[in-house]
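*Asks:* Sharing query-v3.pdb here; it has PDB, C-alpha atoms and all ligand atoms.
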```
MODEL        1
ATOM      1  CA  MET A 173      55.469 214.121 197.687
ATOM      2  CA  LEU A 174      55.554 217.625 196.198
ATOM      3  CA  GLU A 175      54.976 217.829 192.491
ATOM      4  CA  ALA A 176      57.928 218.871 190.348
ATOM      5  CA  ARG A 177      57.066 221.857 188.174
ATOM      6  CA  GLU A 178      58.449 222.410 184.724
ATOM      7  CA  GLY A 179      61.495 224.633 184.768
ATOM      8  CA  ASN A 180      61.942 224.322 188.512
ATOM      9  CA  LYS A 181      64.299 222.152 190.418
ATOM     10  CA  VAL A 182      62.608 218.957 191.566
ATOM     11  CA  ALA A 183      61.231 219.011 195.098
ATOM     12  CA  THR A 184      60.720 215.697 196.841
ATOM     13  CA  ASN A 185      59.779 214.683 200.343
ATOM     14  CA  ASN A 186      63.444 214.419 201.150
ATOM     15  CA  LEU A 187      63.807 218.165 200.825
ATOM     16  CA  ASN A 188      67.151 219.804 200.894
ATOM     17  CA  TYR A 189      66.193 223.412 200.381
ATOM     18  CA  ALA A 190      69.797 224.595 200.591
ATOM     19  CA  ASP A 191      70.541 222.725 197.342
ATOM     20  CA  MET A 192      67.248 223.662 195.730
ATOM     21  CA  ILE A 193      67.550 227.438 196.090
ATOM     22  CA  GLU A 194      68.668 229.375 193.030
ATOM     23  CA  HIS A 195      71.333 231.728 194.266
ATOM     24  CA  GLU A 196      71.013 234.094 191.345
ATOM     25  CA  ARG A 197      67.332 234.788 192.210
ATOM     26  CA  LEU A 198      67.472 235.449 195.932
ATOM     27  CA  PRO A 199      65.133 237.951 197.557
ATOM     28  CA  ARG A 200      67.009 241.244 197.925
ATOM     29  CA  HIS A 201      65.129 242.070 201.092
ATOM     30  CA  ILE A 202      63.430 239.716 203.557
ATOM     31  CA  ALA A 203      61.154 241.217 206.211
ATOM     32  CA  ILE A 204      59.904 239.158 209.147
ATOM     33  CA  ILE A 205      56.986 239.543 211.552
ATOM     34  CA  MET A 206      58.255 237.458 214.464
ATOM     35  CA  ASP A 207      55.037 236.284 216.085
ATOM     36  CA  GLY A 208      54.137 233.559 218.573
ATOM     37  CA  ASN A 209      56.662 234.036 221.386
ATOM     38  CA  GLY A 210      53.866 234.200 223.965
ATOM     39  CA  ARG A 211      52.096 231.093 222.656
ATOM     40  CA  TRP A 212      55.372 229.196 222.494
ATOM     41  CA  ALA A 213      55.973 229.980 226.179
ATOM     42  CA  ARG A 214      52.386 229.284 227.271
ATOM     43  CA  LYS A 215      52.516 225.843 225.691
ATOM     44  CA  ARG A 216      55.534 225.118 227.878
ATOM     45  CA  LEU A 217      53.884 226.615 230.996
ATOM     46  CA  MET A 218      56.497 229.340 231.025
ATOM     47  CA  PRO A 219      56.057 233.116 231.371
ATOM     48  CA  ARG A 220      55.649 235.002 228.077
ATOM     49  CA  THR A 221      59.000 236.672 228.632
ATOM     50  CA  MET A 222      60.719 233.297 228.208
ATOM     51  CA  GLY A 223      59.175 233.110 224.751
ATOM     52  CA  HIS A 224      60.766 236.453 223.890
ATOM     53  CA  ARG A 225      64.102 235.222 225.226
ATOM     54  CA  ALA A 226      63.839 232.088 223.085
ATOM     55  CA  GLY A 227      62.954 234.367 220.161
ATOM     56  CA  ILE A 228      66.390 235.964 220.396
ATOM     57  CA  ASN A 229      67.968 232.634 219.409
ATOM     58  CA  SER A 230      65.801 232.578 216.296
ATOM     59  CA  ILE A 231      66.954 236.086 215.386
ATOM     60  CA  ARG A 232      70.551 234.939 215.739
ATOM     61  CA  ARG A 233      69.886 231.870 213.558
ATOM     62  CA  VAL A 234      68.135 233.862 210.870
ATOM     63  CA  VAL A 235      70.787 236.589 210.724
ATOM     64  CA  GLU A 236      73.475 233.919 210.412
ATOM     65  CA  ALA A 237      71.560 232.066 207.699
ATOM     66  CA  CYS A 238      70.861 235.253 205.716
ATOM     67  CA  VAL A 239      74.550 236.166 205.788
ATOM     68  CA  ASP A 240      75.512 232.650 204.656
ATOM     69  CA  ILE A 241      72.972 232.629 201.839
ATOM     70  CA  GLY A 242      73.824 236.175 200.744
ATOM     71  CA  ILE A 243      70.582 238.035 201.448
ATOM     72  CA  PRO A 244      71.380 241.763 201.081
ATOM     73  CA  VAL A 245      68.735 243.148 203.479
ATOM     74  CA  LEU A 246      66.954 241.623 206.485
ATOM     75  CA  THR A 247      64.342 243.476 208.536
ATOM     76  CA  VAL A 248      62.794 242.124 211.736
ATOM     77  CA  PHE A 249      59.771 243.605 213.526
ATOM     78  CA  ALA A 250      60.915 243.675 217.148
ATOM     79  CA  PHE A 251      58.600 246.226 218.784
ATOM     80  CA  SER A 252      55.616 248.044 217.313
ATOM     81  CA  THR A 253      54.124 251.399 218.246
ATOM     82  CA  GLU A 254      51.166 249.332 219.522
ATOM     83  CA  ASN A 255      53.312 247.067 221.735
ATOM     84  CA  TRP A 256      53.407 249.782 224.445
ATOM     85  CA  LYS A 257      49.883 248.563 225.335
ATOM     86  CA  ARG A 258      51.388 245.367 226.797
ATOM     87  CA  PRO A 259      51.917 244.986 230.564
ATOM     88  CA  LEU A 260      54.794 247.142 231.803
ATOM     89  CA  ASP A 261      56.907 244.182 232.940
ATOM     90  CA  GLU A 262      56.706 242.613 229.457
ATOM     91  CA  VAL A 263      57.670 245.904 227.786
ATOM     92  CA  ASP A 264      60.557 246.303 230.264
ATOM     93  CA  TYR A 265      61.709 242.766 229.538
ATOM     94  CA  LEU A 266      61.674 243.342 225.767
ATOM     95  CA  MET A 267      63.785 246.484 226.257
ATOM     96  CA  LYS A 268      66.164 244.543 228.485
ATOM     97  CA  LEU A 269      66.471 241.825 225.832
ATOM     98  CA  LEU A 270      67.237 244.405 223.179
ATOM     99  CA  VAL A 271      70.070 245.844 225.267
ATOM    100  CA  GLU A 272      71.379 242.344 226.000
ATOM    101  CA  PHE A 273      71.140 241.289 222.354
ATOM    102  CA  LEU A 274      73.009 244.304 221.015
ATOM    103  CA  HIS A 275      75.580 244.145 223.791
ATOM    104  CA  LYS A 276      76.318 240.455 223.239
ATOM    105  CA  GLU A 277      76.052 240.315 219.459
ATOM    106  CA  LEU A 278      77.543 243.621 218.313
ATOM    107  CA  LYS A 279      81.077 242.278 217.950
ATOM    108  CA  ALA A 280      79.967 239.253 215.896
ATOM    109  CA  LEU A 281      77.593 241.339 213.780
ATOM    110  CA  ASP A 282      80.355 243.838 213.069
ATOM    111  CA  GLU A 283      82.889 241.094 212.282
ATOM    112  CA  ASN A 284      80.400 239.720 209.775
ATOM    113  CA  ASN A 285      80.364 243.124 208.054
ATOM    114  CA  ILE A 286      76.673 243.624 208.962
ATOM    115  CA  ARG A 287      75.261 247.135 208.989
ATOM    116  CA  ILE A 288      72.701 247.678 211.751
ATOM    117  CA  SER A 289      69.898 250.213 211.307
ATOM    118  CA  ILE A 290      66.790 250.978 213.293
ATOM    119  CA  LEU A 291      63.415 251.563 211.664
ATOM    120  CA  GLY A 292      61.162 253.561 213.965
ATOM    121  CA  ASN A 293      61.374 256.352 216.485
ATOM    122  CA  TYR A 294      63.757 254.967 219.055
ATOM    123  CA  GLU A 295      64.057 258.329 220.822
ATOM    124  CA  LEU A 296      61.116 257.181 222.942
ATOM    125  CA  LEU A 297      62.954 254.077 224.180
ATOM    126  CA  PRO A 298      64.679 253.927 227.584
ATOM    127  CA  ASP A 299      68.128 255.564 227.774
ATOM    128  CA  LYS A 300      69.936 252.215 228.089
ATOM    129  CA  CYS A 301      68.433 251.084 224.771
ATOM    130  CA  LYS A 302      69.256 254.372 223.068
ATOM    131  CA  ILE A 303      72.900 254.103 224.154
ATOM    132  CA  GLU A 304      73.268 250.513 222.859
ATOM    133  CA  ILE A 305      71.463 251.372 219.633
ATOM    134  CA  ALA A 306      73.567 254.478 218.983
ATOM    135  CA  GLU A 307      76.744 252.446 219.508
ATOM    136  CA  ALA A 308      75.587 249.561 217.280
ATOM    137  CA  VAL A 309      74.516 251.905 214.480
ATOM    138  CA  GLN A 310      77.670 254.000 214.701
ATOM    139  CA  ILE A 311      80.125 251.085 214.848
ATOM    140  CA  THR A 312      78.536 249.243 211.907
ATOM    141  CA  GLN A 313      77.590 252.230 209.735
ATOM    142  CA  ASP A 314      80.387 251.741 207.194
ATOM    143  CA  ASN A 315      79.972 247.969 206.893
ATOM    144  CA  SER A 316      79.233 246.865 203.370
ATOM    145  CA  GLY A 317      77.673 243.442 204.012
ATOM    146  CA  MET A 318      74.078 242.651 204.903
ATOM    147  CA  SER A 319      71.853 245.482 206.141
ATOM    148  CA  PHE A 320      70.144 244.277 209.291
ATOM    149  CA  ASN A 321      67.200 246.496 210.199
ATOM    150  CA  ILE A 322      65.491 246.223 213.548
ATOM    151  CA  ALA A 323      62.031 247.804 213.562
ATOM    152  CA  LEU A 324      61.624 249.306 217.023
ATOM    153  CA  ASN A 325      58.752 251.467 218.134
ATOM    154  CA  TYR A 326      57.794 251.148 214.483
ATOM    155  CA  GLY A 327      54.361 251.658 212.994
ATOM    156  CA  SER A 328      53.765 251.998 209.286
ATOM    157  CA  ARG A 329      50.904 254.473 209.537
ATOM    158  CA  SER A 330      52.909 256.846 211.702
ATOM    159  CA  GLU A 331      55.891 256.462 209.348
ATOM    160  CA  ILE A 332      53.652 257.411 206.408
ATOM    161  CA  LEU A 333      52.095 260.317 208.310
ATOM    162  CA  GLU A 334      55.541 261.633 209.196
ATOM    163  CA  ALA A 335      56.496 261.509 205.507
ATOM    164  CA  VAL A 336      53.293 263.380 204.609
ATOM    165  CA  ARG A 337      54.095 266.056 207.218
ATOM    166  CA  CYS A 338      57.539 266.401 205.718
ATOM    167  CA  LEU A 339      56.089 266.775 202.215
ATOM    168  CA  ALA A 340      53.608 269.386 203.436
ATOM    169  CA  LYS A 341      56.497 271.395 204.887
ATOM    170  CA  GLU A 342      58.532 271.080 201.679
ATOM    171  CA  ILE A 343      55.550 272.374 199.700
ATOM    172  CA  ALA A 344      54.846 275.186 202.169
ATOM    173  CA  LYS A 345      58.470 276.336 201.853
ATOM    174  CA  GLY A 346      58.190 276.200 198.069
ATOM    175  CA  GLU A 347      60.909 273.530 197.827
ATOM    176  CA  ILE A 348      58.733 271.266 195.682
ATOM    177  CA  SER A 349      55.325 271.464 194.048
ATOM    178  CA  ALA A 350      52.533 268.909 194.556
ATOM    179  CA  GLU A 351      53.223 267.599 191.034
ATOM    180  CA  ASP A 352      56.810 266.787 192.005
ATOM    181  CA  ILE A 353      55.706 264.176 194.536
ATOM    182  CA  THR A 354      56.800 260.890 193.041
ATOM    183  CA  GLU A 355      56.866 257.394 194.525
ATOM    184  CA  GLU A 356      60.664 257.662 194.677
ATOM    185  CA  HIS A 357      60.522 260.944 196.573
ATOM    186  CA  PHE A 358      57.912 259.610 198.988
ATOM    187  CA  SER A 359      59.991 256.439 199.559
ATOM    188  CA  SER A 360      63.006 258.595 200.355
ATOM    189  CA  LEU A 361      61.109 260.089 203.310
ATOM    190  CA  LEU A 362      60.549 256.702 204.974
ATOM    191  CA  TYR A 363      62.818 254.868 207.433
ATOM    192  CA  THR A 364      63.657 252.428 204.633
ATOM    193  CA  LYS A 365      65.164 255.192 202.478
ATOM    194  CA  GLY A 366      67.722 253.745 200.050
ATOM    195  CA  LEU A 367      66.707 250.117 200.672
ATOM    196  CA  PRO A 368      64.959 247.912 198.124
ATOM    197  CA  ASP A 369      61.357 247.069 199.038
ATOM    198  CA  PRO A 370      60.997 243.636 200.643
ATOM    199  CA  ASP A 371      60.654 240.852 198.086
ATOM    200  CA  LEU A 372      59.523 238.404 200.753
ATOM    201  CA  LEU A 373      57.566 238.984 203.963
ATOM    202  CA  ILE A 374      57.602 236.077 206.407
ATOM    203  CA  ARG A 375      55.159 235.870 209.299
ATOM    204  CA  THR A 376      55.338 233.158 211.934
ATOM    205  CA  ALA A 377      52.560 231.769 214.151
ATOM    206  CA  GLY A 378      49.931 231.503 211.437
ATOM    207  CA  GLU A 379      48.180 234.865 211.656
ATOM    208  CA  MET A 380      47.137 236.315 208.279
ATOM    209  CA  ARG A 381      47.639 240.014 208.927
ATOM    210  CA  LEU A 382      50.155 242.760 208.324
ATOM    211  CA  SER A 383      50.052 244.415 211.762
ATOM    212  CA  ASN A 384      50.970 247.912 210.541
ATOM    213  CA  PHE A 385      54.321 246.719 209.161
ATOM    214  CA  LEU A 386      55.943 248.347 206.095
ATOM    215  CA  LEU A 387      52.575 248.966 204.423
ATOM    216  CA  TRP A 388      53.950 251.253 201.704
ATOM    217  CA  GLN A 389      57.018 249.096 201.086
ATOM    218  CA  ILE A 390      55.211 245.762 200.675
ATOM    219  CA  ALA A 391      52.943 246.774 197.776
ATOM    220  CA  TYR A 392      54.344 243.924 195.628
ATOM    221  CA  THR A 393      55.974 241.761 198.281
ATOM    222  CA  GLU A 394      55.349 238.020 198.342
ATOM    223  CA  LEU A 395      53.760 236.982 201.641
ATOM    224  CA  TRP A 396      54.707 233.699 203.300
ATOM    225  CA  VAL A 397      53.112 232.542 206.543
ATOM    226  CA  THR A 398      54.159 229.561 208.639
ATOM    227  CA  ASP A 399      52.352 228.013 211.608
ATOM    228  CA  LEU A 400      55.657 227.653 213.443
ATOM    229  CA  MET A 401      56.020 229.911 216.474
ATOM    230  CA  TRP A 402      58.929 232.351 216.188
ATOM    231  CA  PRO A 403      61.158 230.552 218.751
ATOM    232  CA  ASP A 404      60.818 227.396 216.607
ATOM    233  CA  PHE A 405      61.714 229.159 213.365
ATOM    234  CA  SER A 406      64.773 227.473 211.921
ATOM    235  CA  ARG A 407      67.310 227.929 209.170
ATOM    236  CA  GLU A 408      65.552 225.113 207.277
ATOM    237  CA  GLU A 409      62.223 226.956 207.496
ATOM    238  CA  LEU A 410      63.878 230.111 206.151
ATOM    239  CA  LEU A 411      65.340 228.155 203.240
ATOM    240  CA  LYS A 412      61.897 226.663 202.572
ATOM    241  CA  ALA A 413      60.366 230.162 202.516
ATOM    242  CA  ILE A 414      63.019 231.350 200.059
ATOM    243  CA  TRP A 415      62.537 228.310 197.833
ATOM    244  CA  GLU A 416      58.756 228.716 197.805
ATOM    245  CA  PHE A 417      59.243 232.417 197.036
ATOM    246  CA  GLN A 418      61.299 231.382 194.022
ATOM    247  CA  GLN A 419      58.402 229.237 192.749
ATOM    248  CA  ARG A 420      56.011 232.213 192.694
ATOM    249  CA  ASP A 421      55.136 233.937 189.459
ATOM    250  CA  ARG A 422      55.621 237.624 190.270
ATOM    251  CA  ARG A 423      53.737 239.704 187.763
ATOM    252  CA  PHE A 424      53.775 243.165 189.372
ATOM    253  CA  GLY A 425      50.416 243.840 187.795
ATOM    254  CA  GLY A 426      51.590 242.735 184.346
ATOM    255  CA  LEU A 427      51.104 239.420 182.601
ATOM    256  CA  GLY A 428      54.247 237.739 183.853
ATOM    257  CA  ARG A 429      56.494 235.197 182.196
TER     258      ARG A 429
HETATM  259  C1  LIG A 501      55.424 238.581 219.075
HETATM  260  O1  LIG A 501      55.162 237.530 219.953
HETATM  261  C2  LIG A 501      56.751 239.101 219.230
HETATM  262  C3  LIG A 501      57.040 240.370 219.678
HETATM  263  C4  LIG A 501      56.036 241.325 220.128
HETATM  264  C5  LIG A 501      58.375 240.887 219.735
HETATM  265  C6  LIG A 501      59.451 240.096 219.076
HETATM  266  C7  LIG A 501      60.607 240.203 219.948
HETATM  267  C8  LIG A 501      61.623 239.336 220.039
HETATM  268  C9  LIG A 501      61.780 238.161 219.175
HETATM  269  C10 LIG A 501      62.664 239.520 221.064
HETATM  270  C11 LIG A 501      63.162 240.914 221.209
HETATM  271  C12 LIG A 501      63.829 241.427 219.995
HETATM  272  C13 LIG A 501      65.012 242.032 219.979
HETATM  273  C14 LIG A 501      65.637 242.500 218.701
HETATM  274  C15 LIG A 501      65.775 242.230 221.208
HETATM  275  P1  LIG A 501      53.871 237.659 220.847
HETATM  276  O2  LIG A 501      54.315 238.013 222.216
HETATM  277  O3  LIG A 501      52.886 238.595 220.253
HETATM  278  O4  LIG A 501      53.350 236.182 220.782
HETATM  279  P2  LIG A 501      51.819 235.714 220.940
HETATM  280  O5  LIG A 501      51.081 236.278 219.768
HETATM  281  O6  LIG A 501      51.927 234.231 220.886
HETATM  282  O7  LIG A 501      51.329 236.228 222.257
ENDMDL
END
```
Could you take the file, read its structure, and then write that structure out as structure tokens?
*Replies:*
Amino acid sequence: MLEAREGNKVATNNLNYADMIEHERLPRHIAIIMDGNGRWARKRLMPRTMGHRAGINSIRRVVEACVDIGIPVLTVFAFSTENWKRPLDEVDYLMKLLVEFLHKELKALDENNIRISILGNYELLPDKCKIEIAEAVQITQDNSGMSFNIALNYGSRSEILEAVRCLAKEIAKGEISAEDITEEHFSSLLYTKGLPDPDLLIRTAGEMRLSNFLLWQIAYTELWVTDLMWPDFSREELLKAIWEFQQRDRRFGGLGR
């Protein structure tokens, strides 16, 4: 039995996280490192690609749950700049899944007023992906509901370097001086421009690392890791993560409550 803490709603073994969550203190931005597709498949003696396919269902579940709960921003790490090192057939399959996902889900995402954005340099993706992405981004650009960001060919270090290059050019042209470089200005040069920093970063499959994901943006993010493999990640697990996030004492370097 979990211990009830003073000031918090009581948590028991018979947990109903949906009722326990405080809706006025939701994370504004949830970011997810979806890990464990390969292990999930291996355990079932299936090819790794089947793990990725099963992972799509988890994305669908999580998007749906975030819309229901009222999470303003959701970001999922779908393909990193390092993922090109994987065997060609796995990379091809991931690209195929992306096309299939956007093609199948665009209508429902749009009807749910979801705004789709891509974090990362997707110019380097195959043409089929670029076409689907451009359509999804364009069709949903004026939606005012949840922002759903898919990190694709994304790497935080290269994102930061690109911002630094941009700053160097602005300085060289005399547009700003070195003293004018503020955190706000730097943030505005990142893919996440205009979005709140993640309040909660979820990682599945138990690994305790950040894998070059949103390194600037997660300076004060609460980290939450589950041993569940991504294809097993459920709505209930998401609610649990949000509830546990709400039990944390966020001090942002200060002394807190
Ligand atoms: C990590 O599992 C997961 C990925 C590299 C990609 C996540 C991709 C999906 C869920 C599907 C594609 C996404 C979209 C939006 C179409 P892993 O293969 O590293 O698992 P392992 O660590 O167990 O090997």
*Asks:* To test your reading of the syntax: which residues would the PyMOL selection byres (((chain A and resi 208-223) around 12) and not hetatm) return for the file shown? Reply as number ranges by chain.
*Replies:* A: 205-207, 224-230, 250, 258-269, 375-379, 398-405
*Asks:* List as a PDB file with C-alpha atoms, keeping the file's coordinate frame the protein and nucleic acid residues near Glu351 of chain A, meaning an atom at most 12 Å away when all atoms listed in the file are counted, but skip any in the same chain fewer than 6 places from it.
*Replies:*
```pdb
ATOM      1  CA  LEU A 339      56.089 266.775 202.215  1.00  0.00           C
ATOM      2  CA  ILE A 343      55.550 272.374 199.700  1.00  0.00           C
ATOM      3  CA  HIS A 357      60.522 260.944 196.573  1.00  0.00           C
TER       4      HIS A 357
END
```
*Asks:* Choose the residue, out of A:Asn285, A:Ser383, A:Ser316, A:Gln310, that has the smallest atom-to-atom separation from ligand LIG 501 (chain A); count only C-alpha atoms and all ligand atoms.
*Replies:*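 Closest candidate: A:Ser383.
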*Asks:* Using the chain letters and residue numbers of this document, give as a JSON list (two decimals) with C-alpha atoms, in the frame of the given file the residues selected by the PyMOL selection byres (((chain A and resi 288) around 12) and not hetatm).
*Replies:*
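And here's out03.json as it stands now:
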```
[["chain", "number", "residue", "atom", "x", "y", "z"],
["A", 235, "VAL", "CA", 70.79, 236.59, 210.72],
["A", 245, "VAL", "CA", 68.74, 243.15, 203.48],
["A", 246, "LEU", "CA", 66.95, 241.62, 206.48],
["A", 247, "THR", "CA", 64.34, 243.48, 208.54],
["A", 248, "VAL", "CA", 62.79, 242.12, 211.74],
["A", 274, "LEU", "CA", 73.01, 244.30, 221.02],
["A", 277, "GLU", "CA", 76.05, 240.32, 219.46],
["A", 278, "LEU", "CA", 77.54, 243.62, 218.31],
["A", 279, "LYS", "CA", 81.08, 242.28, 217.95],
["A", 280, "ALA", "CA", 79.97, 239.25, 215.90],
["A", 281, "LEU", "CA", 77.59, 241.34, 213.78],
["A", 282, "ASP", "CA", 80.36, 243.84, 213.07],
["A", 284, "ASN", "CA", 80.40, 239.72, 209.78],
["A", 285, "ASN", "CA", 80.36, 243.12, 208.05],
["A", 286, "ILE", "CA", 76.67, 243.62, 208.96],
["A", 287, "ARG", "CA", 75.26, 247.14, 208.99],
["A", 289, "SER", "CA", 69.90, 250.21, 211.31],
["A", 290, "ILE", "CA", 66.79, 250.98, 213.29],
["A", 291, "LEU", "CA", 63.42, 251.56, 211.66],
["A", 304, "GLU", "CA", 73.27, 250.51, 222.86],
["A", 305, "ILE", "CA", 71.46, 251.37, 219.63],
["A", 306, "ALA", "CA", 73.57, 254.48, 218.98],
["A", 307, "GLU", "CA", 76.74, 252.45, 219.51],
["A", 308, "ALA", "CA", 75.59, 249.56, 217.28],
["A", 309, "VAL", "CA", 74.52, 251.90, 214.48],
["A", 310, "GLN", "CA", 77.67, 254.00, 214.70],
["A", 311, "ILE", "CA", 80.12, 251.08, 214.85],
["A", 312, "THR", "CA", 78.54, 249.24, 211.91],
["A", 313, "GLN", "CA", 77.59, 252.23, 209.74],
["A", 314, "ASP", "CA", 80.39, 251.74, 207.19],
["A", 315, "ASN", "CA", 79.97, 247.97, 206.89],
["A", 316, "SER", "CA", 79.23, 246.86, 203.37],
["A", 317, "GLY", "CA", 77.67, 243.44, 204.01],
["A", 318, "MET", "CA", 74.08, 242.65, 204.90],
["A", 319, "SER", "CA", 71.85, 245.48, 206.14],
["A", 320, "PHE", "CA", 70.14, 244.28, 209.29],
["A", 321, "ASN", "CA", 67.20, 246.50, 210.20],
["A", 322, "ILE", "CA", 65.49, 246.22, 213.55],
["A", 323, "ALA", "CA", 62.03, 247.80, 213.56]]
```
*Asks:* Taking the file as shown, what set of residues would the PyMOL selection byres (((chain A and resi 325) around 9) and not hetatm) give back, as number ranges by chain?
*Replies:* A: 250-256, 291-294, 296-297, 323-324, 326-327
*Asks:* Ranking A:Ser359, A:Gly346, A:Ile231, A:Lys276 by minimum distance to ligand LIG 501 (chain A) and counting all atoms listed in the file, which one comes first?
*Replies:*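 Distance minimum relative to ligand LIG 501 (chain A) lands on A:Ile231.
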*Asks:* Using only the atoms of ligand LIG 501 (chain A) listed in the file, plus 3 Å on each side, state the axis-aligned box centre and edge lengths in Å rounded to one decimal, as lines of an AutoDock Vina configuration file.
*Replies:*
```
center_x = 58.4
center_y = 238.4
center_z = 220.5
size_x = 20.7
size_y = 14.3
size_z = 9.6
```
*Asks:* Have a look at atom CA of Leu367 of chain A and atom P1 of ligand LIG 501 (chain A) and let me know their distance in Å, one decimal.
*Replies:*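 Atom P1 of ligand LIG 501 (chain A) lies 27.0 Å from atom CA of Leu367 of chain A.
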*Asks:* Mind pulling up the distance from atom CA of His275 of chain A to atom CA of Lys365 of chain A?
*Replies:*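 Atom-to-atom, atom CA of Lys365 of chain A and atom CA of His275 of chain A are spaced 26.2 Å apart.
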*Asks:* I need the residue nearest Val397 of chain A from this list: A:Phe417, A:His201, A:Thr364, A:Asn384. Use all atoms listed in the file for the distance.
*Replies:*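 Of A:Phe417, A:His201, A:Thr364, A:Asn384, the one nearest Val397 of chain A, counting all atoms listed in the file, is A:Phe417.
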*Asks:* For a test of reading the model, state the distance in Å between atom CA of Leu382 of chain A and atom CA of Ser328 of chain A, rounded to one decimal.
*Replies:* 10.0 Å
*Asks:* Find the residue from A:Arg197, A:Arg329, A:Arg422, A:Arg233 that sits nearest to ligand LIG 501 (chain A); use only C-alpha atoms and all ligand atoms when measuring.
*Replies:* A:Arg233
*Asks:* From the list A:Ala203, A:Ala391, A:Arg407, A:Glu334, which residue is nearest Gly425 of chain A when using only C-alpha atoms?
*Replies:* A:Ala391
*Asks:* Using all atoms listed in the file, which of the listed residues (A:Val271, A:Cys338, A:Leu372, A:Ile353) sits closest to ligand LIG 501 (chain A)?
*Replies:* A:Val271
*Asks:* Near segment 189-193 of chain A, within 10 Å and counting all atoms listed in the file, which residues show up once chain neighbours fewer than 4 positions away are dropped, as a list in words?
*Replies:*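 Near segment 189-193 of chain A, the qualifying residues are Asn180, Lys181, Val182, Ala183, Arg197, Leu198, Ile241, Arg407, Glu408, Glu409, Leu410, Leu411, Lys412, Ala413, Ile414, Trp415, Glu416, Phe417, Gln418 and Gln419 of chain A.
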*Asks:* N, CA, C and O atoms for segment 363-375 of chain A, written as a JSON list (two decimals), keeping the file's coordinate frame, could you do that?
*Replies:*
```json
[["chain", "number", "residue", "atom", "x", "y", "z"],
["A", 363, "TYR", "N", 61.65, 255.43, 206.73],
["A", 363, "TYR", "CA", 62.82, 254.87, 207.43],
["A", 363, "TYR", "C", 63.64, 253.96, 206.52],
["A", 363, "TYR", "O", 64.82, 253.74, 206.75],
["A", 364, "THR", "N", 62.99, 253.39, 205.52],
["A", 364, "THR", "CA", 63.66, 252.43, 204.63],
["A", 364, "THR", "C", 64.36, 253.10, 203.45],
["A", 364, "THR", "O", 64.76, 252.41, 202.50],
["A", 365, "LYS", "N", 64.49, 254.42, 203.54],
["A", 365, "LYS", "CA", 65.16, 255.19, 202.48],
["A", 365, "LYS", "C", 66.42, 254.47, 201.95],
["A", 365, "LYS", "O", 67.27, 254.03, 202.75],
["A", 366, "GLY", "N", 66.52, 254.33, 200.65],
["A", 366, "GLY", "CA", 67.72, 253.74, 200.05],
["A", 366, "GLY", "C", 67.71, 252.22, 200.01],
["A", 366, "GLY", "O", 68.58, 251.62, 199.38],
["A", 367, "LEU", "N", 66.76, 251.59, 200.67],
["A", 367, "LEU", "CA", 66.71, 250.12, 200.67],
["A", 367, "LEU", "C", 65.72, 249.63, 199.61],
["A", 367, "LEU", "O", 64.72, 250.30, 199.35],
["A", 368, "PRO", "N", 65.98, 248.46, 199.03],
["A", 368, "PRO", "CA", 64.96, 247.91, 198.12],
["A", 368, "PRO", "C", 63.73, 247.51, 198.95],
["A", 368, "PRO", "O", 63.87, 247.19, 200.13],
["A", 369, "ASP", "N", 62.56, 247.55, 198.34],
["A", 369, "ASP", "CA", 61.36, 247.07, 199.04],
["A", 369, "ASP", "C", 61.52, 245.58, 199.32],
["A", 369, "ASP", "O", 62.19, 244.87, 198.57],
["A", 370, "PRO", "N", 60.89, 245.07, 200.39],
["A", 370, "PRO", "CA", 61.00, 243.64, 200.64],
["A", 370, "PRO", "C", 60.45, 242.83, 199.45],
["A", 370, "PRO", "O", 59.43, 243.18, 198.87],
["A", 371, "ASP", "N", 61.17, 241.78, 199.09],
["A", 371, "ASP", "CA", 60.65, 240.85, 198.09],
["A", 371, "ASP", "C", 59.80, 239.80, 198.78],
["A", 371, "ASP", "O", 58.87, 239.27, 198.20],
["A", 372, "LEU", "N", 60.18, 239.50, 200.01],
["A", 372, "LEU", "CA", 59.52, 238.40, 200.75],
["A", 372, "LEU", "C", 59.22, 238.86, 202.17],
["A", 372, "LEU", "O", 60.11, 239.37, 202.87],
["A", 373, "LEU", "N", 57.95, 238.71, 202.57],
["A", 373, "LEU", "CA", 57.57, 238.98, 203.96],
["A", 373, "LEU", "C", 57.16, 237.66, 204.61],
["A", 373, "LEU", "O", 56.24, 236.99, 204.16],
["A", 374, "ILE", "N", 57.89, 237.31, 205.67],
["A", 374, "ILE", "CA", 57.60, 236.08, 206.41],
["A", 374, "ILE", "C", 56.87, 236.44, 207.69],
["A", 374, "ILE", "O", 57.25, 237.40, 208.38],
["A", 375, "ARG", "N", 55.82, 235.70, 208.00],
["A", 375, "ARG", "CA", 55.16, 235.87, 209.30],
["A", 375, "ARG", "C", 55.06, 234.51, 209.96],
["A", 375, "ARG", "O", 54.61, 233.54, 209.33]]
```
